[in-house]
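Have a look at the structure below, then the notes.
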Amino acid sequence: MKSHTRVVVIGGGVVGCSVLYHLTRLGWNDVMLIERSELTSGSTWHAAGGFHTLNADTNMAALQGYTIRLYRELEEATGLSCGLHHVGGLTLASTPERMDFLMAERAKHRYMGLETEIVGPSEIARISPITNIEGVIGALYDPLDGHLDPSGTTQAYARAARDNGAEVVLRNPVIELTAVDDGWQVVTEQGTVVAEHVVNAAGLWAREVGELVGVDLPLHPMEHQYLVTDDIPEVFNHGGELPHVMDPEGESYLRQEGRGLVIGFYEQQCDPWAVNGTPSDFGHELLPDNLDRIGDALQTAFTRYPVLAQAGIKQIINGPFTFAPDGNPLVGPVPGRPGYWCACAVMAGFSQGGGVGLTLAEWMVDGEPSRDVFAMDVARFGNYPTRAWTREKVRENYRRRFSVSYPNEELPVGRELNTTPAYGLWKSKRAVFGSGYGLEHVNYFALPGDELKETPSFRRSNAFTATGEECHGVRTAVGINEIHNFAKYEVTGSGAKHWLDTLMAGRVPSIGRMSLAPMLSPKGRIIGDFTIARLADDSFRLTASYSAQAYHMRWFESHLPNDDSVRIVNRSLDWLGFQIAGPNARELLSRVTETDVSNAALPFMGIARLPVGLCDATVQRVTYTGDLGYEIYVPAAQQIMLYNLLENTGQDLGLKPFGMRAMMSLRLEKSFGSWQREFRPDFTPAETLLDRFVAYGKAANFIGKDAAIEATQSHEAERRSQQVFVVDADDADAVADEPIFHRGEVIGFITSGGYAHYCGASVAIGMIPLALVDEGLEVEIEILGERRAARMISQPLLDPKAERMRS
């Protein structure tokens, strides 16, 4: 085995082989794959081999579409068969809620180029005559769905990689990984190789390969069981291959296998596997059968597919495969471990493996993926998951494999793992909580007599009235909201200003002032929207999305100078506090401090250190509500004292608490964008509402500057633009990813939307061609299968001159 290589990929399943192939495809040929046993050992060899494009995340669905289309290319390039069967697939809906979900997914597909369609019961019976359509309302049909030969497909990836110069080393367990000056020293049974990069694609052993570098990856293997039947006359006499059918209500999937059927289950009585670690000698074994676990689901399947009742069972496959807590893969550079990458927890390897390989290869070769892949970024969990939390969330996700994903749903497992001191206060006020990045936050406050739970729905939920009252309280008096779910960073040092000037595309403010600043990738795409506050010549505070902490810290640390002139510390849970917003906000603040907080002394976008009661506070004159407002930060230990002071002082001013549901409504009235919706790596500033905060003319050559300038100069016909629309909605508002129609053609999509309670309007922000931008442009937005009229507005619904915010 050679002693040096550019990349070592650990793991010879379908994902590892895909990563290897895509690296060579992008021009990195000095790469090698090391497999502990044989190719396909672990989960790949016993997989059912199905593939589909359906995914609630549009970028994940697009990558799944890429994966499926890649198989023909692999066959042509290698001469090997992937055993492709493009038979199409049906996802059944037996409830109105499921039908809403499928219609929402079909709407997304309209602008993604996926040719899915909604079909009725009679068409379902025609396409799949073995399916009992009793109780079925409809289905989503996808002609791309199908199945393949897992072993043949993996071998095709490996052959294509070898043909491009890659090396594959088998029967060679990795024993040790050590960081060295030029990368990683990879110690194996057959020898040692030094690599610039190491990719953990170890599947069932990904936890152990993570432990080799001191990383506890949030993933866990689960047992999964499917059955292969004997020959069934209704199947082999059909005259053609039957389509896949997923029956979510029955927790099962079914496809034809030769002259019989394969049927698998995502049962509620599921079992995590290898809780204490994957055995080193596990490989081509199956787990003991456990038919009792799937008894109820199997009985339901006999009703949905009557032919099963007379079919014998040829084989029972019970094998493990690996999940992350949310079911998406863990992909990308691992924070704190330069040159160590992940391609793990790809539970749908034959739907996602090609897209995962492409994404990771682009990231390594080009420095960033070609699309927003935050939904599968290994950094999306940070370091808050414990092993027990991960295991229970994985169990929850497995049980929900076929559950409807609602846009307002908050899942119950693992809650209250992390809270702030104010959690008990909010609970006593009938707060209904959500969770983000492992931390509890208030979504809204239930009205007297209402249930302390929001009903999951694609339509306006039971939180609608309460949220409206909270919005009214902010706009007419003063609201209070906890600001813990902002990430906060302290940047200090003699080189801090210069560093921020090159890292951020916006202006670095003067002392006592704040600025809004996008952060861009080298290709000029948005990877963060920050507030920069300057307290002293060499002291800054950054505020951004709480859920992107590990994502942003990874970027910061990879760009720090080597001379210790810049220091950055994540203070997200060290600095807590509240924002107060509304026309009475200044009066409230003036009552709790002796410092002058007039507009002249503390103007909009100002920052000051001042005493608030007995607390040592930092006050920022800014608010996401778009109203007169302040963010008041104190050390975490002083948070309760701060709250009690504000509550007791603000009673006669109409002080009312509000939550995130109200916050999102208030920001829509001001046409404010949101991270991971309007601001994400799919977009450049020129396409978004952030463009006005890019300091194109500043002297510093900030990262992504040339690409961002080029994007502003591109031809109008080639550019998109985010615009705000008022929608003629009924009982459902746009949420995200709905298609926008103009004169019968799909011209764009919605990035976010909702109901603007104070202004009394349904609002959506969407991406359309720049050439069509025109005040009053009339379009249609598809919401749950209905096209709703919408009109473009060029000014915010509330306070278009921002007089309230700046007064």
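If you're wondering about the labels, chains in the structure tokens are A, B, ... by order shown, residues count from 1 in each chain, ligands from 1 in order shown.
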Problem - region 188-204 of chain A surroundings by only C-alpha atoms, 8 Å radius, close-in-sequence under 3 positions cut, as a PyMOL selection string - result: chain A and resi 1-13+15-16+42-43+172-176+182-185+207+209-210+221+278+320-322+339-346
Practice task
Pull the strand (DSSP E) assignments for region 529-575 of chain A out of DSSP run on the backbone, and list those residues as a ChimeraX atom specification.
Solution key: /A:529-536,539-545,567-570,575
At most 12 Å is the cut-off: for each residue in region 328-435 of chain A with any atom that close to an atom of region 653-668 of chain A, write down the nearest atom pair and the distance in Å rounded to one decimal, counting only C-alpha atoms, chain first then increasing number, as a tab-separated table.
```
residue	atom	partner	partner_atom	distance
A:Asn408	CA	A:Arg661	CA	9.5
A:Leu425	CA	A:Pro657	CA	10.8
A:Trp426	CA	A:Pro657	CA	8.7
A:Lys427	CA	A:Pro657	CA	11.9
A:Lys429	CA	A:Pro657	CA	8.9
A:Arg430	CA	A:Pro657	CA	10.7
A:Ala431	CA	A:Gly659	CA	8.4
A:Val432	CA	A:Gly659	CA	8.8
A:Phe433	CA	A:Gly659	CA	8.9
A:Gly434	CA	A:Met660	CA	8.8
A:Ser435	CA	A:Met660	CA	10.8
```
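Candidate residues A:Leu217, A:Ala517, A:Met805, A:Ile640 were compared for distance to Leu689 (chain A), and the nearest is A:Ala517, using only C-alpha atoms.
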What's around region 726-741 of chain A at 10 Å? Count only C-alpha atoms, leave out sequence neighbours fewer than 6 positions away in its own chain, and write the answer as a PDB file with C-alpha atoms, in the first residue's frame.
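Output file out.pdb is given in full below:
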```pdb
ATOM      1  CA  ALA A  56     -39.611  17.303   2.381  1.00  0.00           C
ATOM      2  CA  ASP A  57     -36.392  19.282   1.815  1.00  0.00           C
ATOM      3  CA  THR A  58     -36.216  20.523  -1.777  1.00  0.00           C
ATOM      4  CA  ALA A 104     -47.582  20.401  -0.993  1.00  0.00           C
ATOM      5  CA  GLU A 105     -44.808  18.077  -2.170  1.00  0.00           C
ATOM      6  CA  ARG A 106     -46.196  17.976  -5.711  1.00  0.00           C
ATOM      7  CA  ALA A 107     -46.236  21.771  -5.731  1.00  0.00           C
ATOM      8  CA  LYS A 108     -42.519  21.881  -4.896  1.00  0.00           C
ATOM      9  CA  HIS A 109     -41.750  19.467  -7.695  1.00  0.00           C
ATOM     10  CA  ARG A 110     -43.246  21.850 -10.260  1.00  0.00           C
ATOM     11  CA  TYR A 111     -40.213  24.158 -10.149  1.00  0.00           C
ATOM     12  CA  MET A 112     -37.696  21.384  -9.459  1.00  0.00           C
ATOM     13  CA  PRO A 407     -44.435  22.916   8.878  1.00  0.00           C
ATOM     14  CA  ASN A 408     -45.437  23.866  12.448  1.00  0.00           C
ATOM     15  CA  SER A 457     -51.337  21.434  10.351  1.00  0.00           C
ATOM     16  CA  PHE A 458     -50.694  22.719   6.839  1.00  0.00           C
ATOM     17  CA  ARG A 459     -53.440  25.235   7.532  1.00  0.00           C
ATOM     18  CA  ARG A 460     -53.809  27.947  10.158  1.00  0.00           C
ATOM     19  CA  SER A 461     -53.469  26.265  13.513  1.00  0.00           C
ATOM     20  CA  ARG A 677     -35.234  30.825   3.925  1.00  0.00           C
ATOM     21  CA  GLU A 678     -34.407  34.123   2.173  1.00  0.00           C
ATOM     22  CA  ILE A 747     -41.751  31.333 -12.870  1.00  0.00           C
ATOM     23  CA  GLY A 748     -40.446  30.908  -9.344  1.00  0.00           C
ATOM     24  CA  PHE A 749     -41.041  29.720  -5.812  1.00  0.00           C
ATOM     25  CA  ILE A 750     -41.761  30.961  -2.312  1.00  0.00           C
ATOM     26  CA  THR A 751     -38.936  31.191   0.208  1.00  0.00           C
ATOM     27  CA  SER A 752     -41.182  31.887   3.231  1.00  0.00           C
ATOM     28  CA  GLY A 753     -44.622  33.154   4.101  1.00  0.00           C
ATOM     29  CA  GLY A 754     -47.356  33.414   6.699  1.00  0.00           C
ATOM     30  CA  TYR A 755     -50.047  35.677   8.038  1.00  0.00           C
ATOM     31  CA  ALA A 756     -49.247  39.295   8.963  1.00  0.00           C
ATOM     32  CA  ALA A 761     -52.839  40.104   5.235  1.00  0.00           C
ATOM     33  CA  SER A 762     -51.344  36.848   4.016  1.00  0.00           C
ATOM     34  CA  VAL A 763     -47.766  37.552   2.924  1.00  0.00           C
ATOM     35  CA  ALA A 764     -45.230  35.536   0.963  1.00  0.00           C
ATOM     36  CA  ILE A 765     -41.667  36.252  -0.090  1.00  0.00           C
ATOM     37  CA  GLY A 766     -40.640  34.605  -3.337  1.00  0.00           C
ATOM     38  CA  MET A 767     -37.990  34.307  -6.003  1.00  0.00           C
ATOM     39  CA  ILE A 768     -38.941  35.358  -9.548  1.00  0.00           C
ATOM     40  CA  GLY A 776     -48.552  45.253  -8.676  1.00  0.00           C
ATOM     41  CA  GLU A 778     -50.249  39.697 -10.541  1.00  0.00           C
ATOM     42  CA  VAL A 779     -49.293  36.066 -10.054  1.00  0.00           C
ATOM     43  CA  GLU A 780     -50.729  32.884  -8.591  1.00  0.00           C
ATOM     44  CA  ILE A 781     -49.213  30.851  -5.758  1.00  0.00           C
ATOM     45  CA  GLU A 782     -50.166  27.210  -5.398  1.00  0.00           C
ATOM     46  CA  ILE A 783     -51.158  26.442  -1.804  1.00  0.00           C
ATOM     47  CA  LEU A 784     -52.289  22.877  -1.040  1.00  0.00           C
ATOM     48  CA  GLY A 785     -53.331  22.217  -4.622  1.00  0.00           C
ATOM     49  CA  GLU A 786     -55.142  25.540  -5.167  1.00  0.00           C
ATOM     50  CA  ARG A 787     -53.762  28.491  -7.096  1.00  0.00           C
ATOM     51  CA  ARG A 788     -54.319  31.629  -5.041  1.00  0.00           C
ATOM     52  CA  ALA A 789     -54.101  35.106  -6.543  1.00  0.00           C
ATOM     53  CA  ALA A 790     -51.219  37.249  -5.292  1.00  0.00           C
ATOM     54  CA  ARG A 791     -49.962  40.778  -5.937  1.00  0.00           C
ATOM     55  CA  MET A 792     -46.403  42.037  -5.701  1.00  0.00           C
ATOM     56  CA  ILE A 793     -45.697  44.994  -3.402  1.00  0.00           C
ATOM     57  CA  LEU A 797     -46.982  46.670   4.584  1.00  0.00           C
TER      58      LEU A 797
END
```
Exercise for the section: Enumerate, as a ChimeraX atom specification, the complete set of residues in region 126-162 of chain A that a backbone-based DSSP assignment places in helix (DSSP H, G or I). Expected result: /A:126-127,150-162
Filtering to all heavy atoms, could you give me those residues as an mmCIF file, in the first residue's frame?
```
data_model
loop_
_atom_site.group_PDB
_atom_site.id
_atom_site.type_symbol
_atom_site.label_atom_id
_atom_site.label_comp_id
_atom_site.auth_asym_id
_atom_site.auth_seq_id
_atom_site.Cartn_x
_atom_site.Cartn_y
_atom_site.Cartn_z
ATOM 1 N N ARG A 126 -55.517 1.063 -11.447
ATOM 2 C CA ARG A 126 -55.038 0.696 -12.779
ATOM 3 C C ARG A 126 -53.534 0.456 -12.775
ATOM 4 O O ARG A 126 -53.038 -0.516 -13.346
ATOM 5 C CB ARG A 126 -55.382 1.799 -13.777
ATOM 6 C CG ARG A 126 -55.035 1.443 -15.224
ATOM 7 C CD ARG A 126 -55.152 2.643 -16.142
ATOM 8 N NE ARG A 126 -54.105 3.635 -15.901
ATOM 9 C CZ ARG A 126 -52.846 3.504 -16.349
ATOM 10 N NH1 ARG A 126 -52.476 2.450 -17.049
ATOM 11 N NH2 ARG A 126 -51.968 4.449 -16.069
ATOM 12 N N ILE A 127 -52.796 1.348 -12.101
ATOM 13 C CA ILE A 127 -51.336 1.250 -12.084
ATOM 14 C C ILE A 127 -50.881 0.061 -11.237
ATOM 15 O O ILE A 127 -49.935 -0.651 -11.581
ATOM 16 C CB ILE A 127 -50.718 2.552 -11.534
ATOM 17 C CG1 ILE A 127 -51.043 3.725 -12.445
ATOM 18 C CG2 ILE A 127 -49.196 2.425 -11.391
ATOM 19 C CD1 ILE A 127 -50.655 5.084 -11.869
ATOM 20 N N PRO A 150 -28.161 -3.672 -5.221
ATOM 21 C CA PRO A 150 -27.209 -2.945 -4.365
ATOM 22 C C PRO A 150 -25.753 -3.295 -4.637
ATOM 23 O O PRO A 150 -24.893 -2.405 -4.708
ATOM 24 C CB PRO A 150 -27.628 -3.362 -2.950
ATOM 25 C CG PRO A 150 -29.074 -3.704 -3.072
ATOM 26 C CD PRO A 150 -29.206 -4.347 -4.423
ATOM 27 N N SER A 151 -25.454 -4.571 -4.790
ATOM 28 C CA SER A 151 -24.068 -4.972 -5.006
ATOM 29 C C SER A 151 -23.559 -4.486 -6.355
ATOM 30 O O SER A 151 -22.463 -3.925 -6.461
ATOM 31 C CB SER A 151 -23.943 -6.492 -4.915
ATOM 32 O OG SER A 151 -22.613 -6.891 -5.150
ATOM 33 N N GLY A 152 -24.365 -4.672 -7.401
ATOM 34 C CA GLY A 152 -23.939 -4.258 -8.741
ATOM 35 C C GLY A 152 -23.719 -2.758 -8.824
ATOM 36 O O GLY A 152 -22.766 -2.292 -9.467
ATOM 37 N N THR A 153 -24.576 -1.981 -8.156
ATOM 38 C CA THR A 153 -24.440 -0.526 -8.177
ATOM 39 C C THR A 153 -23.168 -0.083 -7.462
ATOM 40 O O THR A 153 -22.431 0.788 -7.945
ATOM 41 C CB THR A 153 -25.676 0.121 -7.517
ATOM 42 O OG1 THR A 153 -26.843 -0.272 -8.239
ATOM 43 C CG2 THR A 153 -25.560 1.628 -7.520
ATOM 44 N N THR A 154 -22.898 -0.671 -6.313
ATOM 45 C CA THR A 154 -21.680 -0.333 -5.569
ATOM 46 C C THR A 154 -20.436 -0.676 -6.378
ATOM 47 O O THR A 154 -19.471 0.102 -6.441
ATOM 48 C CB THR A 154 -21.669 -1.067 -4.217
ATOM 49 O OG1 THR A 154 -22.878 -0.765 -3.517
ATOM 50 C CG2 THR A 154 -20.478 -0.651 -3.377
ATOM 51 N N GLN A 155 -20.456 -1.831 -7.013
ATOM 52 C CA GLN A 155 -19.314 -2.237 -7.842
ATOM 53 C C GLN A 155 -19.130 -1.293 -9.030
ATOM 54 O O GLN A 155 -17.998 -1.009 -9.448
ATOM 55 C CB GLN A 155 -19.500 -3.673 -8.333
ATOM 56 C CG GLN A 155 -19.511 -4.731 -7.242
ATOM 57 C CD GLN A 155 -18.165 -4.925 -6.566
ATOM 58 O OE1 GLN A 155 -17.136 -4.446 -7.042
ATOM 59 N NE2 GLN A 155 -18.166 -5.639 -5.447
ATOM 60 N N ALA A 156 -20.240 -0.773 -9.557
ATOM 61 C CA ALA A 156 -20.142 0.166 -10.686
ATOM 62 C C ALA A 156 -19.481 1.470 -10.249
ATOM 63 O O ALA A 156 -18.635 2.019 -10.967
ATOM 64 C CB ALA A 156 -21.530 0.436 -11.259
ATOM 65 N N TYR A 157 -19.858 1.981 -9.080
ATOM 66 C CA TYR A 157 -19.174 3.171 -8.548
ATOM 67 C C TYR A 157 -17.675 2.911 -8.404
ATOM 68 O O TYR A 157 -16.834 3.730 -8.793
ATOM 69 C CB TYR A 157 -19.739 3.534 -7.167
ATOM 70 C CG TYR A 157 -20.982 4.394 -7.159
ATOM 71 C CD1 TYR A 157 -22.143 3.965 -6.510
ATOM 72 C CD2 TYR A 157 -20.999 5.661 -7.742
ATOM 73 C CE1 TYR A 157 -23.283 4.748 -6.459
ATOM 74 C CE2 TYR A 157 -22.126 6.455 -7.691
ATOM 75 C CZ TYR A 157 -23.274 5.996 -7.054
ATOM 76 O OH TYR A 157 -24.390 6.793 -7.005
ATOM 77 N N ALA A 158 -17.345 1.760 -7.809
ATOM 78 C CA ALA A 158 -15.938 1.448 -7.566
ATOM 79 C C ALA A 158 -15.175 1.282 -8.879
ATOM 80 O O ALA A 158 -14.035 1.754 -9.011
ATOM 81 C CB ALA A 158 -15.829 0.181 -6.716
ATOM 82 N N ARG A 159 -15.777 0.603 -9.856
ATOM 83 C CA ARG A 159 -15.119 0.425 -11.150
ATOM 84 C C ARG A 159 -14.869 1.770 -11.831
ATOM 85 O O ARG A 159 -13.778 2.019 -12.364
ATOM 86 C CB ARG A 159 -15.989 -0.462 -12.062
ATOM 87 C CG ARG A 159 -15.538 -0.517 -13.527
ATOM 88 C CD ARG A 159 -14.240 -1.281 -13.750
ATOM 89 N NE ARG A 159 -14.426 -2.676 -13.440
ATOM 90 C CZ ARG A 159 -14.970 -3.573 -14.277
ATOM 91 N NH1 ARG A 159 -15.384 -3.195 -15.484
ATOM 92 N NH2 ARG A 159 -15.087 -4.830 -13.926
ATOM 93 N N ALA A 160 -15.871 2.639 -11.816
ATOM 94 C CA ALA A 160 -15.709 3.955 -12.444
ATOM 95 C C ALA A 160 -14.602 4.746 -11.763
ATOM 96 O O ALA A 160 -13.817 5.436 -12.425
ATOM 97 C CB ALA A 160 -17.034 4.720 -12.384
ATOM 98 N N ALA A 161 -14.512 4.634 -10.434
ATOM 99 C CA ALA A 161 -13.452 5.339 -9.707
ATOM 100 C C ALA A 161 -12.085 4.769 -10.060
ATOM 101 O O ALA A 161 -11.120 5.512 -10.276
ATOM 102 C CB ALA A 161 -13.709 5.242 -8.212
ATOM 103 N N ARG A 162 -11.990 3.440 -10.103
ATOM 104 C CA ARG A 162 -10.712 2.798 -10.465
ATOM 105 C C ARG A 162 -10.291 3.208 -11.870
ATOM 106 O O ARG A 162 -9.117 3.493 -12.134
ATOM 107 C CB ARG A 162 -10.846 1.281 -10.401
ATOM 108 C CG ARG A 162 -10.838 0.684 -8.998
ATOM 109 C CD ARG A 162 -10.654 -0.820 -9.109
ATOM 110 N NE ARG A 162 -10.855 -1.522 -7.854
ATOM 111 C CZ ARG A 162 -11.950 -2.188 -7.539
ATOM 112 N NH1 ARG A 162 -12.985 -2.207 -8.389
ATOM 113 N NH2 ARG A 162 -12.038 -2.825 -6.385
#
```
